[in-house]
Structure formats: C-alpha cells, structure tokens
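What follows is the content of structure.txt, which has compact mmCIF, C-alpha atoms and all ligand atoms:
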```txt
# COMPACT_ATOMS: atom_id res chain seq x y z
CA MET A 1 39.89 7.76 18.23
CA ASP A 2 41.55 10.28 15.94
CA SER A 3 38.44 10.09 13.79
CA LEU A 4 36.42 11.75 16.55
CA PRO A 5 35.29 15.27 15.75
CA THR A 6 37.71 17.70 17.34
CA VAL A 7 36.73 20.74 19.38
CA LEU A 8 39.49 23.35 19.29
CA LEU A 9 39.61 25.79 22.20
CA LYS A 10 40.45 29.46 22.00
CA PRO A 11 43.81 30.56 23.37
CA GLY A 12 43.67 30.85 27.17
CA GLU A 13 40.75 28.44 27.57
CA ALA A 14 42.76 25.23 28.07
CA ASP A 15 44.02 25.83 31.62
CA ARG A 16 40.73 25.25 33.34
CA ILE A 17 40.31 21.93 31.52
CA VAL A 18 43.88 20.89 32.34
CA ALA A 19 43.09 21.77 35.98
CA GLY A 20 40.23 19.27 35.96
CA HIS A 21 37.13 21.37 35.34
CA PRO A 22 34.87 19.47 32.93
CA TRP A 23 32.77 22.27 31.44
CA ILE A 24 33.51 23.94 28.12
CA TYR A 25 31.20 26.84 27.35
CA ARG A 26 30.27 27.78 23.80
CA GLY A 27 32.30 30.98 24.06
CA ALA A 28 35.51 29.06 24.78
CA ILE A 29 35.40 27.17 21.48
CA LEU A 30 37.38 28.29 18.44
CA ARG A 31 35.83 25.78 16.04
CA LEU A 32 34.94 22.17 15.35
CA THR A 33 37.05 20.34 12.76
CA GLN A 34 33.96 18.45 11.56
CA PRO A 35 30.31 18.52 12.57
CA ALA A 36 29.42 16.56 15.72
CA ASP A 37 26.04 15.11 16.65
CA ASP A 38 24.53 16.26 19.91
CA GLY A 39 25.40 13.72 22.58
CA ALA A 40 28.36 12.34 20.61
CA LEU A 41 31.86 11.87 21.95
CA VAL A 42 34.35 14.49 20.78
CA GLN A 43 38.01 15.10 21.47
CA VAL A 44 39.14 18.43 22.85
CA LYS A 45 42.38 20.15 21.85
CA ASP A 46 43.88 23.53 22.59
CA HIS A 47 44.47 26.06 19.83
CA ARG A 48 47.88 24.51 19.18
CA GLN A 49 46.23 21.12 18.63
CA ARG A 50 47.44 19.65 21.92
CA PHE A 51 45.12 16.91 23.14
CA LEU A 52 43.22 17.76 26.36
CA GLY A 53 40.62 15.02 26.67
CA VAL A 54 37.37 13.53 25.42
CA GLY A 55 33.84 14.49 26.34
CA PHE A 56 30.19 14.68 25.33
CA TYR A 57 29.17 17.37 22.86
CA ASN A 58 25.82 19.16 22.91
CA SER A 59 25.26 22.21 20.73
CA LYS A 60 21.91 22.89 22.50
CA SER A 61 23.49 23.43 25.89
CA LYS A 62 25.46 26.48 26.99
CA ILE A 63 27.94 23.89 28.20
CA ASN A 64 28.94 22.67 24.75
CA VAL A 65 31.30 19.94 25.98
CA ARG A 66 31.40 18.01 29.24
CA VAL A 67 34.84 16.47 29.49
CA LEU A 68 34.91 12.92 30.79
CA SER A 69 38.50 11.84 30.53
CA ALA A 70 41.90 13.42 30.07
CA GLU A 71 42.87 10.24 28.22
CA ARG A 72 41.72 8.80 24.93
CA ALA A 73 39.14 6.54 26.55
CA ASP A 74 36.29 4.61 24.95
CA ILE A 75 33.09 5.57 26.71
CA ASP A 76 31.45 2.17 27.12
CA GLU A 77 30.07 0.01 29.92
CA PRO A 78 33.54 -0.92 31.27
CA PHE A 79 34.39 2.81 31.41
CA PHE A 80 31.31 3.49 33.55
CA GLU A 81 31.99 0.43 35.67
CA GLU A 82 35.52 1.62 36.43
CA ARG A 83 34.47 5.18 37.24
CA ILE A 84 31.59 4.06 39.46
CA ARG A 85 33.80 1.55 41.31
CA ALA A 86 36.33 4.35 41.92
CA ALA A 87 33.56 6.58 43.30
CA LEU A 88 32.29 3.72 45.49
CA ALA A 89 35.79 3.23 46.92
CA VAL A 90 35.79 6.88 48.07
CA ARG A 91 32.55 6.26 50.00
CA GLN A 92 33.82 2.99 51.49
CA ARG A 93 36.92 4.83 52.70
CA HIS A 94 35.15 7.86 54.20
CA LEU A 95 31.71 6.50 55.15
CA PRO A 96 32.60 2.89 55.94
CA ASP A 97 29.44 2.13 57.94
CA ALA A 98 26.88 3.80 55.68
CA THR A 99 24.37 1.62 53.84
CA SER A 100 22.64 4.53 52.08
CA PHE A 101 24.74 7.19 50.40
CA ARG A 102 25.37 9.03 47.15
CA VAL A 103 27.43 6.68 44.98
CA VAL A 104 28.10 9.13 42.14
CA ASN A 105 27.90 12.90 42.54
CA ALA A 106 28.32 14.10 38.95
CA GLU A 107 31.27 16.53 38.60
CA SER A 108 32.56 15.50 42.06
CA ASP A 109 33.19 12.04 40.60
CA PHE A 110 34.19 13.11 37.09
CA LEU A 111 30.86 11.99 35.62
CA SER A 112 29.23 15.30 34.74
CA GLY A 113 25.48 14.90 34.34
CA LEU A 114 25.12 11.70 36.40
CA ILE A 115 23.95 11.23 39.98
CA VAL A 116 23.44 7.81 41.56
CA ASP A 117 22.06 7.43 45.07
CA LYS A 118 21.96 4.15 46.98
CA TYR A 119 19.02 3.73 49.33
CA GLU A 120 19.78 0.37 50.95
CA ASP A 121 19.25 -2.15 48.11
CA VAL A 122 17.61 0.28 45.68
CA LEU A 123 19.44 2.71 43.39
CA VAL A 124 18.10 6.02 42.13
CA VAL A 125 19.66 7.55 39.04
CA GLN A 126 19.38 11.18 37.99
CA ILE A 127 20.64 12.18 34.56
CA SER A 128 21.00 15.81 33.53
CA SER A 129 23.06 15.75 30.33
CA LEU A 130 22.27 14.49 26.85
CA GLY A 131 25.51 12.50 26.54
CA MET A 132 24.71 10.57 29.71
CA ASP A 133 21.07 10.17 28.73
CA GLN A 134 22.04 8.47 25.48
CA ARG A 135 24.21 6.01 27.40
CA LYS A 136 21.64 5.06 30.02
CA PRO A 137 21.77 1.32 29.14
CA MET A 138 25.56 1.24 29.71
CA ILE A 139 25.16 3.02 33.03
CA VAL A 140 22.39 0.67 34.15
CA GLY A 141 24.47 -2.32 33.05
CA ALA A 142 27.47 -1.13 35.07
CA LEU A 143 25.32 -0.47 38.15
CA GLN A 144 23.76 -3.93 37.96
CA LYS A 145 27.17 -5.52 37.76
CA ILE A 146 28.54 -3.63 40.75
CA PHE A 147 25.54 -3.58 43.10
CA SER A 148 23.05 -6.25 41.96
CA PRO A 149 20.34 -3.89 43.26
CA ARG A 150 16.73 -4.96 43.78
CA ALA A 151 15.67 -2.10 41.54
CA ILE A 152 17.01 0.94 39.75
CA PHE A 153 14.73 3.96 39.50
CA GLU A 154 15.19 7.08 37.47
CA ARG A 155 14.41 10.48 39.01
CA SER A 156 15.41 12.69 36.13
CA ASP A 157 12.83 15.32 36.99
CA VAL A 158 15.26 18.18 37.22
CA ALA A 159 14.46 21.43 35.45
CA SER A 160 18.02 21.78 34.16
CA ARG A 161 17.37 18.95 31.66
CA LYS A 162 15.60 21.42 29.40
CA PHE A 163 18.91 23.24 28.87
CA GLU A 164 20.18 20.00 27.31
CA GLY A 165 17.07 19.53 25.17
CA LEU A 166 15.74 16.75 27.40
CA ALA A 167 12.27 16.22 28.88
CA GLU A 168 11.82 15.28 32.53
CA VAL A 169 11.38 11.53 33.21
CA ASN A 170 10.63 9.35 36.20
CA GLY A 171 10.37 5.60 36.03
CA ILE A 172 11.90 2.22 36.63
CA LEU A 173 15.05 1.24 34.76
CA ALA A 174 15.58 -2.25 36.13
CA GLY A 175 14.34 -4.73 38.72
CA GLU A 176 11.22 -5.05 40.77
CA PRO A 177 8.94 -2.03 40.99
CA GLY A 178 7.85 -3.07 44.46
CA ALA A 179 11.38 -3.53 45.72
CA ALA A 180 12.67 -2.80 49.19
CA GLY A 181 9.59 -3.18 51.32
CA ALA A 182 7.45 -1.03 49.09
CA ARG A 183 4.55 0.72 50.75
CA THR A 184 3.33 2.24 47.51
CA ALA A 185 1.90 0.13 44.74
CA ILE A 186 2.37 0.64 41.04
CA SER A 187 0.62 3.67 39.67
CA ALA A 188 0.53 4.08 35.94
CA SER A 189 -0.49 7.71 35.95
CA SER A 190 2.15 9.23 38.16
CA VAL A 191 4.87 9.67 35.62
CA ALA A 192 5.19 12.67 33.38
CA GLY A 193 7.19 12.31 30.21
CA GLY A 194 8.15 8.67 30.79
CA ASN A 195 7.32 5.79 28.49
CA ALA A 196 4.06 4.07 29.35
CA ASP A 197 5.81 0.80 30.18
CA LYS A 198 8.07 2.68 32.52
CA ALA A 199 5.25 4.47 34.25
CA VAL A 200 5.96 2.96 37.60
CA ARG A 201 6.04 4.86 40.80
CA ALA A 202 9.09 4.26 42.93
CA PRO A 203 8.23 2.76 46.30
CA SER A 204 8.88 4.26 49.64
CA VAL A 205 11.84 2.57 51.27
CA THR A 206 13.12 2.46 54.81
CA VAL A 207 16.53 4.05 54.70
CA LYS A 208 19.02 3.70 57.54
CA LEU A 209 21.18 6.68 58.45
CA ASN A 210 23.56 6.27 61.38
CA GLY A 211 21.37 3.42 62.62
CA LEU A 212 18.10 5.41 62.56
CA GLN A 213 15.26 4.53 60.19
CA PHE A 214 13.76 7.01 57.76
CA GLU A 215 10.80 6.20 55.61
CA THR A 216 11.54 7.81 52.27
CA ASP A 217 9.40 8.25 49.20
CA LEU A 218 11.73 7.82 46.25
CA SER A 219 9.29 9.22 43.69
CA THR A 220 8.37 12.48 45.30
CA GLY A 221 10.97 13.05 47.99
CA HIS A 222 13.33 16.01 47.80
CA LYS A 223 16.47 15.51 45.73
CA THR A 224 16.22 11.79 44.91
CA GLY A 225 14.57 10.94 48.23
CA LEU A 226 16.25 12.58 51.21
CA TYR A 227 19.22 14.71 52.15
CA LEU A 228 22.14 12.31 52.17
CA ASP A 229 24.53 15.27 52.25
CA GLN A 230 23.76 15.88 55.95
CA GLN A 231 24.43 12.30 57.09
CA VAL A 232 27.64 13.17 58.97
CA ASN A 233 26.25 16.47 60.28
CA TYR A 234 23.26 14.69 61.86
CA ARG A 235 25.71 12.82 64.08
CA ARG A 236 27.83 15.86 64.83
CA VAL A 237 24.94 18.14 65.76
CA ALA A 238 23.42 15.35 67.88
CA GLU A 239 26.60 15.42 69.98
CA LEU A 240 25.44 18.86 71.17
CA ALA A 241 21.93 17.71 72.08
CA LYS A 242 22.19 15.89 75.39
CA GLY A 243 19.68 17.33 77.83
CA ALA A 244 18.60 20.01 75.36
CA ARG A 245 15.23 21.44 74.51
CA MET A 246 15.61 21.63 70.76
CA LEU A 247 13.93 23.37 67.85
CA ASP A 248 14.49 21.78 64.40
CA CYS A 249 13.48 24.29 61.72
CA PHE A 250 12.96 23.05 58.15
CA SER A 251 12.96 19.53 59.59
CA PHE A 252 11.78 17.60 56.48
CA LEU A 253 11.81 13.90 57.54
CA GLY A 254 13.29 14.73 60.95
CA GLY A 255 16.98 14.13 60.20
CA PHE A 256 18.43 16.51 62.78
CA GLY A 257 15.60 16.22 65.28
CA LEU A 258 15.52 12.43 65.49
CA HIS A 259 19.29 12.11 65.78
CA ALA A 260 19.18 14.66 68.61
CA ALA A 261 16.29 12.86 70.33
CA ARG A 262 18.24 9.60 70.25
CA ALA A 263 21.32 11.37 71.61
CA GLY A 264 19.45 12.52 74.70
CA ALA A 265 17.60 15.74 73.88
CA VAL A 266 14.83 16.23 76.43
CA HIS A 267 12.41 17.50 73.81
CA VAL A 268 12.55 18.23 70.09
CA HIS A 269 10.04 20.39 68.22
CA MET A 270 10.19 19.87 64.44
CA ILE A 271 8.77 22.35 61.95
CA ASP A 272 8.31 22.12 58.21
CA GLN A 273 5.80 23.74 55.90
CA SER A 274 5.17 20.46 54.09
CA ALA A 275 2.37 18.48 55.72
CA GLU A 276 3.64 15.28 54.07
CA ALA A 277 7.13 15.82 55.45
CA ILE A 278 5.73 16.38 58.94
CA ALA A 279 3.54 13.27 58.63
CA ALA A 280 6.59 11.23 57.58
CA ALA A 281 8.71 12.73 60.39
CA THR A 282 5.98 11.75 62.85
CA ARG A 283 6.00 8.16 61.55
CA ASN A 284 9.81 8.12 61.63
CA ALA A 285 9.83 9.19 65.28
CA ALA A 286 7.47 6.31 66.10
CA ALA A 287 9.47 3.79 64.07
CA ASN A 288 12.57 4.71 66.06
CA GLY A 289 10.81 4.67 69.43
CA LEU A 290 11.36 8.40 69.96
CA SER A 291 7.80 9.77 69.82
CA ASP A 292 7.65 10.57 73.53
CA ARG A 293 10.35 13.24 73.15
CA CYS A 294 9.15 14.79 69.88
CA SER A 295 6.48 17.20 68.73
CA PHE A 296 5.70 18.28 65.19
CA GLU A 297 4.20 21.29 63.50
CA THR A 298 3.29 22.06 59.90
CA ALA A 299 4.14 25.75 59.60
CA ASN A 300 6.09 28.34 57.71
CA VAL A 301 9.28 28.83 59.72
CA PHE A 302 9.29 32.59 59.06
CA ASP A 303 5.76 32.90 60.49
CA PHE A 304 6.50 30.58 63.40
CA LEU A 305 9.65 32.45 64.44
CA LYS A 306 7.88 35.77 64.08
CA ALA A 307 5.01 34.65 66.30
CA GLN A 308 7.41 33.22 68.88
CA THR A 309 9.46 36.39 69.09
CA GLN A 310 6.61 38.89 69.20
CA THR A 311 6.20 40.54 72.59
CA GLY A 312 3.53 42.77 74.01
CA PRO A 313 4.31 46.15 75.57
CA ASN A 314 6.65 45.74 78.59
CA GLU A 315 6.79 42.01 77.97
CA LYS A 316 10.22 40.41 77.98
CA LEU A 317 10.86 37.52 75.62
CA VAL A 318 11.83 34.37 77.49
CA PRO A 319 14.17 32.23 75.41
CA LYS A 320 13.07 28.61 75.36
CA PHE A 321 15.62 26.54 73.51
CA ASP A 322 19.06 25.11 74.25
CA LEU A 323 19.63 24.02 70.67
CA ILE A 324 18.17 25.42 67.45
CA VAL A 325 18.84 23.97 64.01
CA LEU A 326 18.23 26.05 60.90
CA ASP A 327 18.55 24.03 57.69
CA PRO A 328 16.52 25.93 55.10
CA PRO A 329 16.31 25.18 51.38
CA SER A 330 18.56 27.23 49.14
CA PHE A 331 17.05 30.71 49.00
CA THR A 332 19.03 31.47 45.81
CA ARG A 333 18.59 30.31 42.26
CA ASN A 334 21.33 32.44 40.81
CA ARG A 335 23.69 35.26 41.68
CA ALA A 336 21.03 37.92 41.16
CA SER A 337 18.87 36.50 43.96
CA VAL A 338 21.67 36.59 46.56
CA PRO A 339 20.69 39.92 48.23
CA ASP A 340 17.09 38.71 48.76
CA ALA A 341 18.37 35.39 50.04
CA LEU A 342 20.66 37.11 52.54
CA ARG A 343 17.70 39.10 53.89
CA GLY A 344 15.89 35.80 54.41
CA TYR A 345 18.87 34.17 56.12
CA LYS A 346 19.34 37.22 58.34
CA GLU A 347 15.72 37.29 59.41
CA ILE A 348 15.61 33.68 60.58
CA HIS A 349 18.89 34.13 62.44
CA LEU A 350 17.71 37.30 64.16
CA ARG A 351 14.64 35.55 65.47
CA ALA A 352 16.34 32.25 66.28
CA LEU A 353 18.99 34.04 68.35
CA LYS A 354 16.25 35.68 70.40
CA LEU A 355 14.80 32.25 71.19
CA LEU A 356 18.11 30.75 72.27
CA LYS A 357 18.95 30.52 75.97
CA PRO A 358 22.31 31.98 77.06
CA GLY A 359 24.88 29.21 76.63
CA GLY A 360 22.64 27.56 74.05
CA THR A 361 23.72 26.46 70.59
CA LEU A 362 22.62 27.47 67.12
CA ALA A 363 23.51 24.99 64.36
CA THR A 364 22.89 26.64 61.05
CA PHE A 365 23.30 25.56 57.44
CA CYS A 366 23.32 27.12 54.01
CA CYS A 367 23.12 24.95 50.90
CA SER A 368 23.40 27.71 48.32
CA HIS A 369 26.50 27.54 46.16
CA HIS A 370 26.21 31.29 45.56
CA VAL A 371 26.57 32.14 49.26
CA ASP A 372 30.01 31.04 50.45
CA ALA A 373 30.98 30.30 54.04
CA GLY A 374 32.38 33.81 54.62
CA LEU A 375 29.27 35.55 53.38
CA PHE A 376 27.06 33.17 55.31
CA GLN A 377 28.93 33.77 58.56
CA ASP A 378 28.82 37.54 57.97
CA THR A 379 25.04 37.28 57.68
CA VAL A 380 24.77 35.39 60.99
CA LEU A 381 27.09 37.91 62.66
CA SER A 382 25.06 40.79 61.34
CA ALA A 383 21.97 39.25 62.95
CA ALA A 384 23.94 38.77 66.17
CA PHE A 385 25.03 42.41 66.10
CA ASP A 386 21.48 43.66 65.62
CA THR A 387 20.27 41.59 68.58
CA ARG A 388 23.35 42.55 70.66
CA LYS A 389 24.44 38.95 71.01
CA VAL A 390 27.98 37.58 71.07
CA LEU A 391 28.68 34.17 69.57
CA ARG A 392 31.40 31.60 70.04
CA ARG A 393 31.94 29.37 67.02
CA ILE A 394 32.36 25.77 68.15
CA ALA A 395 32.04 23.81 64.91
CA THR A 396 32.10 24.18 61.15
CA TYR A 397 30.29 21.78 58.86
CA THR A 398 30.43 20.80 55.22
CA GLN A 399 28.65 18.32 52.96
CA SER A 400 29.13 14.62 53.79
CA PRO A 401 32.04 12.93 52.00
CA ASP A 402 29.75 11.15 49.53
CA HIS A 403 29.33 14.62 47.99
CA PRO A 404 33.06 15.19 47.45
CA VAL A 405 34.41 18.69 47.04
CA ILE A 406 36.84 19.12 44.17
CA PRO A 407 38.29 22.59 44.78
CA MET A 408 39.27 22.93 41.13
CA ILE A 409 35.52 22.63 40.38
CA PRO A 410 34.02 25.30 42.66
CA GLU A 411 30.46 24.22 41.78
CA THR A 412 31.02 20.98 43.73
CA GLU A 413 31.08 22.88 47.04
CA TYR A 414 27.71 24.11 48.26
CA LEU A 415 26.83 23.05 51.80
CA LYS A 416 28.30 24.94 54.71
CA GLY A 417 27.29 25.23 58.33
CA PHE A 418 28.37 26.43 61.75
CA ALA A 419 27.53 25.78 65.35
CA PHE A 420 27.62 28.89 67.52
CA GLU A 421 27.25 29.07 71.28
CA LEU A 422 25.53 32.09 72.65
CA VAL A 423 28.07 33.78 74.91
CA ARG A 424 25.62 36.50 75.90
N1 LIG B 501 16.83 19.47 57.54
C1 LIG B 501 16.29 18.62 56.51
C2 LIG B 501 16.37 19.21 55.13
C3 LIG B 501 15.68 20.47 54.96
S1 LIG B 501 15.33 20.82 53.30
C4 LIG B 501 17.03 17.31 56.47
O1 LIG B 501 18.13 17.23 56.97
O2 LIG B 501 16.51 16.37 55.88
C5 LIG B 501 14.29 22.15 53.42
C6 LIG B 501 12.93 21.85 54.00
O3 LIG B 501 12.36 23.11 54.26
C7 LIG B 501 11.95 21.13 53.11
O4 LIG B 501 11.45 20.03 53.79
C8 LIG B 501 10.82 22.15 52.83
O5 LIG B 501 9.54 21.56 52.87
C9 LIG B 501 10.98 23.07 53.98
N2 LIG B 501 10.62 24.47 53.78
C10 LIG B 501 10.91 25.28 52.75
N3 LIG B 501 10.53 26.56 53.00
C11 LIG B 501 9.96 26.54 54.23
C12 LIG B 501 9.38 27.52 55.07
N4 LIG B 501 9.32 28.80 54.70
N5 LIG B 501 8.92 27.14 56.27
C13 LIG B 501 8.99 25.86 56.67
N6 LIG B 501 9.54 24.88 55.93
C14 LIG B 501 10.01 25.22 54.73
```
Represent the structure from my file as structure tokens, please.
Ligand code: SAH
Amino acid sequence: MDSLPTVLLKPGEADRIVAGHPWIYRGAILRLTQPADDGALVQVKDHRQRFLGVGFYNSKSKINVRVLSAERADIDEPFFEERIRAALAVRQRHLPDATSFRVVNAESDFLSGLIVDKYEDVLVVQISSLGMDQRKPMIVGALQKIFSPRAIFERSDVASRKFEGLAEVNGILAGEPGAAGARTAISASSVAGGNADKAVRAPSVTVKLNGLQFETDLSTGHKTGLYLDQQVNYRRVAELAKGARMLDCFSFLGGFGLHAARAGAVHVHMIDQSAEAIAAATRNAAANGLSDRCSFETANVFDFLKAQTQTGPNEKLVPKFDLIVLDPPSFTRNRASVPDALRGYKEIHLRALKLLKPGGTLATFCCSHHVDAGLFQDTVLSAAFDTRKVLRRIATYTQSPDHPVIPMIPETEYLKGFAFELVR
C-alpha cells in the first residue's frame, strides 16, 4: 500500500476530506510523489504527510482524486461487495417495502462515480468516473453476488463522462437482454459508443412503486428509467388528494397523478411535453385500472398555464383545481443560470396559484442543487405576493431515502418541495 503514488494536499485542504467529502480538485494538490496513471488508486496525505485516505486519480478531470476510503483499503470485488451491501442495508431500513429503488447513489454512498438502480429484478448501472469505469467487472461481479439479477444494463450516457475522458455507453453488462417481461426486442443499432456485442437495447420493465405499476423504458427513460427519488413523495402528496380535482404538471409517467387517482382524486389531468411520456402515462393508468379518472395532454406547461389563466376583458378567472403538482425538470445547469431559472419557477407558480381554488393545495418541487429550499420558497412567496395570495405551508419534502443526503457533501442534497394551502 505504501508503494501507491501519494498525492500531497496543500495546507488547509485536508479538512474537507477529513469531514468526508470525496472530491479533491486540482488546485488543492501540492504535488504527487511519483507519477500516477489515470484511473489508478493513489493515497492522499496532508502537507505534513498524514494519511487521509485512498482514492482514484484522474489528471484529465477537474476532480483529480475521488476518495473512496479513509482506510488503507484494497479496491477489489470484496470492497465493492461490502460497500454495496452497506448501501442496500440503508434502503432496507428506510424503504423496507420497496422493490425498486436506487441501491447506490454515488457520493451519498461513498462510491463517487457509481449509480446503481434496481428495477424489480433488473439492475441499471451508471458510471461517471474513470476509476469506476476501469473496475466495471468487479462492480458487476459484486452486484451479481448480492442480487443475482436477471440482467444488468449500463446507462452511462451522461454528458459529465467527457470531463473524465470517457465516451458515453449504453449496453448490457450481464444476463438476459430480454429480461423482466421485455416489451422491446434486441436492437443492434440503438447504442452509441458501445461495443458491437454489447449493442443491446434495455427492455421496458414493469416497475412497482408503492403497489402501483409503471411501465418504464430502461434505455431511453429519464435518469436510468424513472424518478425513484420521488417514491415517498408520491405517497405523501396522494394523502392530500381525496376528492380533489387535480392538475399534475410535468407528469412524465404519471407518478404523482396515478398515486393521487388511486387515493381518491375525482379527476387528474396530467401534462407533459413529451408525447412518449404521455403515451406511457396513459398505458400506466389503464394497467392500474385508473383510466376513468384520468386525462392526459401533450403540451408545454408554460403554454398550457398561460392559456388557462388568460382572461378576456371583464372576465373573471374561475379557479378549477383543488390540488396542483408542479414537478419540473431542473431549470439550472450551473450557478450562472439561477436567475433565469428563478424567473421560470416564478412564472409557473404565479399561474398555478391563479388556477387553485381557495383552500386548495399546491405541491411543488425543485430538483436543482443550485436553488436551495430557502431560495425556492422565496420564489413561491414572491409569486404569491404578486397574485395577492396568502399561503399556509402544510408539508416539506425531500428526496426519498434511497438518495441519502450527507450534509458534509452538499452536492448530495438537491430535491426539495413544499405543500402550500391557499388561505386566500
Ligand atoms: N413528475 C415526474 C417527473 C418530472 S421530470 C415524476 O415524478 O416522474 C420532468 C418532466 O417534465 C419530463 O417528463 C419532461 O418531459 C417534462 N418537461 C420538461 N419541460 C417541460 C415543459 N416546458 N412542459 C411540459 N413538460 C416538460
């Protein structure tokens, strides 16, 4: 272990690593004691040569080292097996009834660069660092041992891979390509950047969330398939839905809308700009026997809300909904885009509040790490002020516990939400 290349940190740079943050930026490094290959394991020491941990080195990335362990660990298959079992135990403790969930959430589970999602008996892996990429066989081996899945797919089609010098890849890593009630057959042309023998399209699987079925396309779905991070919030928002006429904006596969329909909403209107998402939501409603209470629309939410809130001269807007859900994609890519994003958030809140009946509820979410809960609430309140509405906050939401928040690693916290009742 002592023969590992050593990365020495500048004075003052050790605290964050001691606190548990795994990222070491280029600027924090004093020097390397010997050259290290990209992707290789290195040891990290402070400027007084005190050992801090081991991690993967990559000179190409702005994050030069991703620390994996504060101990002198060998990074082999048993290491991955132990870490993944520890992550699984967290899910079994906090989501005991879930059959589909995020098994490994990268930094949240002290495995920077690795995401593993479980969709019933199929696993989807997403790798975004070179060190992890080089150890894919160990990771796959550990996953097979723990889960004996029907198949393991790779969805490493994230743009951030280029910062690590990696191309995007999709494909099958292990098991049956047609696993888990596949609706989609093998297609050799659908994979960019993968090896030809891996050019297999992941099937669509029927995923169960809180006892509802969601047909999910694992090759082209958002994230690695669907939004597992809202699993708990679907239940909690549905508790507010009994007897409601509901509007589900940015509905995707119908997560919020279908949970609400099952919980006794009188009617749910779901809107998404993606025609495929709306088609899938329509099929999901039918599969769960909820079609009679649901309607669907392929539309831009901004345009829809604008049209709904436009009034003619002397015409008074009649609010229609008892419950409105706003769960947009992140409007920010970086800090610089925050002001534009806030304008977008404010606009949809302004219009949604106008469509809400007095006493009705707005459940609203923001998944941008760059907009924290305080700023997000301020934006909603500013919309309330402009429309002369007064809100009562009745719930706060965060990401489901399979996306653990490690406060020492602020980047692990991104999803926040509120439910507000319209007082007047
Ligand atoms: N509520 C969903 C997740 C929403 S993700 C769930 O729980 O699964 C964001 C969704 O917004 C995506 O499905 C995307 O297609 C859709 N979308 C993005 N911009 C949009 C817009 N301007 N109008 C309508 N839908 C939009």
For A:Asp327, list every protein, DNA or RNA residue within 8 Å, evaluated using only C-alpha atoms, and leave out those in the same chain fewer than 5 positions away; present the list as a compact mmCIF listing (two decimals) with C-alpha atoms, in the frame of the given file.
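The resulting file, out.txt, is shown below:
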```txt
# COMPACT_ATOMS: atom_id res chain seq x y z
CA CYS A 249 13.48 24.29 61.72
CA PHE A 250 12.96 23.05 58.15
CA SER A 251 12.96 19.53 59.59
CA THR A 364 22.89 26.64 61.05
CA PHE A 365 23.30 25.56 57.44
CA CYS A 366 23.32 27.12 54.01
```
(request) Residues within 7 Å of ligand LIG 501 (chain B), counting only C-alpha atoms and all ligand atoms: report them as a count of residues only. (result) 23
(message) For a test of reading the model, state the distance in Å between atom CA of A:Phe153 and atom CA of A:Asn64, rounded to one decimal.
(response)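 Straight-line distance from atom CA of A:Phe153 to atom CA of A:Asn64 works out to 27.7 Å.
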(request) Would you mind listing what lies within 8 Å of stretch 68-72 of chain A as a ChimeraX atom specification, with all atoms listed in the file counted and same-chain residues fewer than 6 positions away left out? (result) /A:1,22,52-56,110-112
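Proximity of A:Gln92, A:Gln43, A:Thr224, A:Thr387 to A:Val116, computed with only C-alpha atoms, is greatest for A:Thr224.
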Would you list the contacts of A:Gly374 as a compact mmCIF listing (two decimals) with C-alpha atoms, keeping the file's coordinate frame, taking every protein, DNA or RNA residue within 10 Å and counting only C-alpha atoms, but skipping same-chain residues closer than 4 positions in sequence?
```
# COMPACT_ATOMS: atom_id res chain seq x y z
CA ASP A 378 28.82 37.54 57.97
CA THR A 379 25.04 37.28 57.68
CA LYS A 416 28.30 24.94 54.71
```
Step by step: start from the point (31.6, 18.5, 9.1) in the file's coordinates, keep every protein, DNA or RNA residue that has an atom no farther than 12 Å from it, count only C-alpha atoms, and write the set as a short mmCIF file (atom, residue, chain, number, x, y, z; two decimals) with C-alpha atoms, in the frame of the given file.
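Ended up saving to point_17.cif:
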```cif
data_model
loop_
_atom_site.label_atom_id
_atom_site.label_comp_id
_atom_site.auth_asym_id
_atom_site.auth_seq_id
_atom_site.Cartn_x
_atom_site.Cartn_y
_atom_site.Cartn_z
CA SER A 3 38.44 10.09 13.79
CA LEU A 4 36.42 11.75 16.55
CA PRO A 5 35.29 15.27 15.75
CA THR A 6 37.71 17.70 17.34
CA VAL A 7 36.73 20.74 19.38
CA ARG A 31 35.83 25.78 16.04
CA LEU A 32 34.94 22.17 15.35
CA THR A 33 37.05 20.34 12.76
CA GLN A 34 33.96 18.45 11.56
CA PRO A 35 30.31 18.52 12.57
CA ALA A 36 29.42 16.56 15.72
CA ASP A 37 26.04 15.11 16.65
#
```
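The neighbours of A:Ala14 here are the residues that come within 10 Å of it, using only C-alpha atoms and leaving out any residue fewer than 5 positions away in the same chain; they are Leu8, Leu9, Ala19, His21, Ile24, Ala28, Val44, Lys45, Asp46, His47, Arg50, Phe51 and Leu52 of chain A.
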(request) Name the residues in contact with A:Phe147 at a cut-off of 10 Å, using all atoms listed in the file, excluding same-chain residues fewer than 5 positions from it; report them as a list in words. (result)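 Listed by chain and then number, they are Arg85, Lys118, Asp121, Val122, Leu123 and Ala142 of chain A.
Checking A:Glu154, A:Glu276, A:Glu315, A:Asp133 one by one against A:Asp117, counting all atoms listed in the file, you find the shortest gap at A:Glu154.
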